[in-house]
Amino acid sequence: MIEKKFAGKVALITGAASGIGKATAVMLAEQGASLFLSDVNGVLLSQTGEELTATGANVVTKVFSVAEAEQCRAAVQEATDRYGRLDLLCNIAGFAKAKHLADITDIDWQTMMDVNLSGVFYMSQAAMPHLIESQGCIVNMASSAGLQGQAYNAMYCASKAGVVMLSKSMAMEFAKKGVRVNAVCPGAVATPLMMNFDLPHEADMDLISKLFPLMPAAEPEEVAAAVVYLGSPEARYITGIAMPIDGGQTCG
Ligand SMILES: NC(=O)c1ccc[n+]([C@@H]2O[C@H](COP(=O)([O-])OP(=O)(O)OC[C@H]3O[C@@H](n4cnc5c(N)ncnc54)[C@H](O)[C@@H]3O)[C@@H](O)[C@H]2O)c1
């Protein structure tokens, strides 16, 4: 019998109700991980939890917003109380919103930073002592938008560039303590986030070419496979990278 790569391991995934987070949960369950799944969307999260439990996976679900520091800390505590350990944190929750710079409100800006960037920080800080104990790792969902500027995407680009550098900084600080931290930088992925992505009114089409990859969009499973690889023992010597999976969007 082939041994499952995550047998006996525990993974906490944010944004697990949909898209890349859900695909990651499915793959980690197939590889034997026990899962603590979270999302702000309770309806879809329950569905994901039920689907995975029906396959025999160990699954706990928790509805909360990663923008709330106390809730992030409580979730990590609940996961480690429930399972007794934490081996892998996948910070995948996030959202996108394109706007002309002049139209970005203070609330738009703050919400984007709270969810896409601060959420990664809150979860990682709370999880780190447990990951040091288990010699585990973190995989953060950044974006090609964290690697290059994109017109009308200033908020999102800034938040995802923050995720890239937060990941690299944590990788440096914790390498000697045995915790790896990596970021994944997808381009276009066929999920609700991309399907609902609207360009702002009167967008200058000459400026937005960088939003589009050279190749058709990826499926969420293609990105989840990279998350699972980076979270696995096979990636033992990889830390501090920001891996583009973007159909050539950022290669030029
Ligand atoms: N789809 C793409 O083209 C693409 C490209 C690059 C990066 N990403 C990133 O991938 C990640 C996953 O997105 P996706 O494409 O799977 O989209 P998705 O909309 O299918 O999934 C995102 C999930 O995050 C959850 N979420 C949003 N705000 C939250 C909050 N405050 N607290 C907890 N959960 C919250 C949503 O409810 C949703 O279930 C995001 O961080 C996104 O920025 C997506």
# chains A, B, ... in the order shown; residues from 1 in each chain; ligands from 1
>>> residues_near_ligand(ligand="ligand 1", cutoff="7 Å", atoms="only C-alpha atoms and all ligand atoms", output="count of residues only")
38
>>> closest_residue(among="A:Gln148, A:Thr61, A:Gln77, A:Thr53", to="A:Gly252", atoms="only C-alpha atoms")
A:Gln148
>>> residues_around(residues="A:Gly149", least_positions_apart="2", cutoff="12 Å", atoms="only C-alpha atoms", output="list in words")
Ser143, Ser144, Ala145, Gly146, Leu147, Ala151, Tyr152, Asn153, Ala154, Met155, Tyr156, Cys157, Ala158, Ser159, Lys160, Ala161, Leu207, Ile208, Ser209, Lys210, Leu211, Gln249 and Thr250 of chain A
>>> residues_around(residues="A:Ala225", least_positions_apart="2", cutoff="10 Å", atoms="only C-alpha atoms", output="ChimeraX atom specification")
/A:20,23-24,27-28,220-223,227-231
>>> write_last_selection(atoms="C-alpha atoms", output="PDB file, in the first residue's frame")
ATOM      1  CA  ILE A  20      -8.321  27.105  -4.466  1.00  0.00           C
ATOM      2  CA  ALA A  23      -9.345  22.186  -3.887  1.00  0.00           C
ATOM      3  CA  THR A  24      -6.452  22.226  -1.397  1.00  0.00           C
ATOM      4  CA  MET A  27      -6.152  17.065  -1.994  1.00  0.00           C
ATOM      5  CA  LEU A  28      -4.867  17.157   1.572  1.00  0.00           C
ATOM      6  CA  PRO A 220      -8.020  25.608  -8.873  1.00  0.00           C
ATOM      7  CA  GLU A 221      -6.645  22.056  -8.578  1.00  0.00           C
ATOM      8  CA  GLU A 222      -3.486  23.092 -10.476  1.00  0.00           C
ATOM      9  CA  VAL A 223      -2.742  25.725  -7.833  1.00  0.00           C
ATOM     10  CA  VAL A 227       0.237  24.279  -2.183  1.00  0.00           C
ATOM     11  CA  VAL A 228       0.225  20.600  -1.266  1.00  0.00           C
ATOM     12  CA  TYR A 229       3.723  20.086  -2.715  1.00  0.00           C
ATOM     13  CA  LEU A 230       5.170  23.085  -0.842  1.00  0.00           C
ATOM     14  CA  GLY A 231       3.505  21.824   2.330  1.00  0.00           C
TER      15      GLY A 231
END
>>> select_by_dssp(residues="stretch 5-251 of chain A", states="helix (DSSP H, G or I)", output="compact mmCIF listing (two decimals) with C-alpha atoms, in the first residue's frame")
# COMPACT_ATOMS: atom_id res chain seq x y z
CA GLY A 19 -12.00 27.72 -5.23
CA ILE A 20 -8.32 27.11 -4.47
CA GLY A 21 -8.89 26.64 -0.72
CA LYS A 22 -11.50 23.95 -1.28
CA ALA A 23 -9.34 22.19 -3.89
CA THR A 24 -6.45 22.23 -1.40
CA ALA A 25 -8.68 20.71 1.30
CA VAL A 26 -9.76 17.92 -1.05
CA MET A 27 -6.15 17.07 -1.99
CA LEU A 28 -4.87 17.16 1.57
CA ALA A 29 -7.73 14.90 2.69
CA GLU A 30 -6.86 12.45 -0.11
CA GLY A 42 -20.73 29.40 6.51
CA VAL A 43 -23.06 27.84 3.92
CA LEU A 44 -20.33 26.85 1.48
CA LEU A 45 -17.98 25.84 4.29
CA SER A 46 -20.56 23.39 5.69
CA GLN A 47 -20.97 21.91 2.21
CA THR A 48 -17.22 21.41 1.87
CA GLY A 49 -17.05 19.90 5.34
CA GLU A 50 -19.90 17.49 4.61
CA GLU A 51 -18.45 16.44 1.25
CA LEU A 52 -15.09 15.64 2.81
CA THR A 53 -16.50 13.94 5.89
CA ALA A 54 -18.48 11.68 3.55
CA ALA A 69 -7.22 39.02 15.04
CA GLU A 70 -8.91 37.49 18.09
CA GLN A 71 -10.91 35.07 15.95
CA CYS A 72 -7.75 33.96 14.15
CA ARG A 73 -6.03 33.26 17.47
CA ALA A 74 -9.08 31.43 18.79
CA ALA A 75 -9.27 29.28 15.64
CA VAL A 76 -5.62 28.20 15.91
CA GLN A 77 -6.19 27.39 19.57
CA GLU A 78 -9.31 25.38 18.74
CA ALA A 79 -7.49 23.45 15.98
CA THR A 80 -4.60 22.50 18.25
CA ASP A 81 -6.93 21.66 21.16
CA ARG A 82 -8.98 19.45 18.83
CA TYR A 83 -6.14 17.61 17.11
CA LEU A 101 -7.20 55.00 -7.59
CA ALA A 102 -9.45 58.03 -7.05
CA ASP A 103 -12.45 55.80 -6.28
CA ASP A 106 -10.66 54.36 3.14
CA ILE A 107 -12.92 51.43 3.92
CA ASP A 108 -12.04 49.68 0.62
CA TRP A 109 -8.34 50.03 1.39
CA GLN A 110 -8.60 48.96 5.02
CA THR A 111 -10.82 45.97 4.27
CA MET A 112 -8.47 44.73 1.55
CA MET A 113 -5.46 45.00 3.86
CA ASP A 114 -7.33 43.46 6.80
CA VAL A 115 -8.43 40.38 4.87
CA ASN A 116 -5.63 39.76 2.36
CA LEU A 117 -2.62 40.80 4.42
CA SER A 118 -3.39 41.16 8.14
CA GLY A 119 -5.30 37.86 8.09
CA VAL A 120 -2.14 36.07 6.93
CA PHE A 121 -0.16 37.77 9.69
CA TYR A 122 -2.67 36.98 12.47
CA MET A 123 -2.96 33.33 11.48
CA SER A 124 0.80 32.86 11.00
CA GLN A 125 1.74 34.52 14.28
CA ALA A 126 -0.76 32.42 16.21
CA ALA A 127 0.27 29.19 14.47
CA MET A 128 4.05 29.64 14.65
CA PRO A 129 4.70 28.15 18.13
CA HIS A 130 2.75 25.02 17.11
CA LEU A 131 4.59 24.80 13.78
CA ILE A 132 7.95 25.08 15.55
CA GLU A 133 6.89 22.18 17.74
CA SER A 134 5.83 20.03 14.78
CA SER A 144 1.02 37.47 -9.70
CA ALA A 145 -0.41 40.82 -8.59
CA GLY A 146 2.10 40.68 -5.72
CA ALA A 154 -3.42 49.07 -6.53
CA MET A 155 -5.16 47.77 -3.40
CA TYR A 156 -4.93 44.13 -4.39
CA CYS A 157 -1.34 44.41 -5.67
CA ALA A 158 -0.23 46.14 -2.47
CA SER A 159 -1.92 43.52 -0.28
CA LYS A 160 -0.43 40.59 -2.21
CA ALA A 161 3.05 42.15 -2.40
CA GLY A 162 2.73 42.38 1.38
CA VAL A 163 1.96 38.66 1.53
CA VAL A 164 5.07 37.91 -0.54
CA MET A 165 7.37 39.89 1.75
CA LEU A 166 5.67 38.71 4.94
CA SER A 167 6.27 35.15 3.72
CA LYS A 168 9.93 35.77 2.87
CA SER A 169 10.56 37.55 6.18
CA MET A 170 8.99 34.73 8.20
CA ALA A 171 11.01 32.22 6.15
CA MET A 172 14.23 34.02 7.15
CA GLU A 173 13.26 34.34 10.80
CA PHE A 174 12.18 30.73 11.28
CA ALA A 175 14.42 28.67 8.94
CA LYS A 176 16.78 27.69 11.76
CA LYS A 177 13.80 26.79 13.92
CA PRO A 192 -15.70 32.57 -8.37
CA LEU A 193 -13.16 35.29 -7.54
CA MET A 194 -12.04 35.46 -11.18
CA MET A 195 -15.52 34.96 -12.65
CA MET A 205 -7.67 48.75 -22.14
CA ASP A 206 -4.10 49.58 -23.20
CA LEU A 207 -3.12 49.56 -19.52
CA SER A 209 -2.74 43.80 -20.59
CA LYS A 210 -0.69 42.77 -17.54
CA LEU A 211 -3.81 41.41 -15.89
CA PRO A 220 -8.02 25.61 -8.87
CA GLU A 221 -6.64 22.06 -8.58
CA GLU A 222 -3.49 23.09 -10.48
CA VAL A 223 -2.74 25.72 -7.83
CA ALA A 224 -3.78 23.45 -4.96
CA ALA A 225 -1.24 20.87 -6.20
CA ALA A 226 1.53 23.44 -5.68
CA VAL A 227 0.24 24.28 -2.18
CA VAL A 228 0.23 20.60 -1.27
CA TYR A 229 3.72 20.09 -2.71
CA LEU A 230 5.17 23.09 -0.84
CA PRO A 233 8.21 16.77 3.09
CA GLU A 234 9.31 16.63 -0.57
CA ALA A 235 9.72 20.43 -0.43
>>> closest_residue(among="A:Gln31, A:Ile2, A:Ala183, A:Glu68", to="A:Cys90", atoms="only C-alpha atoms")
A:Ala183
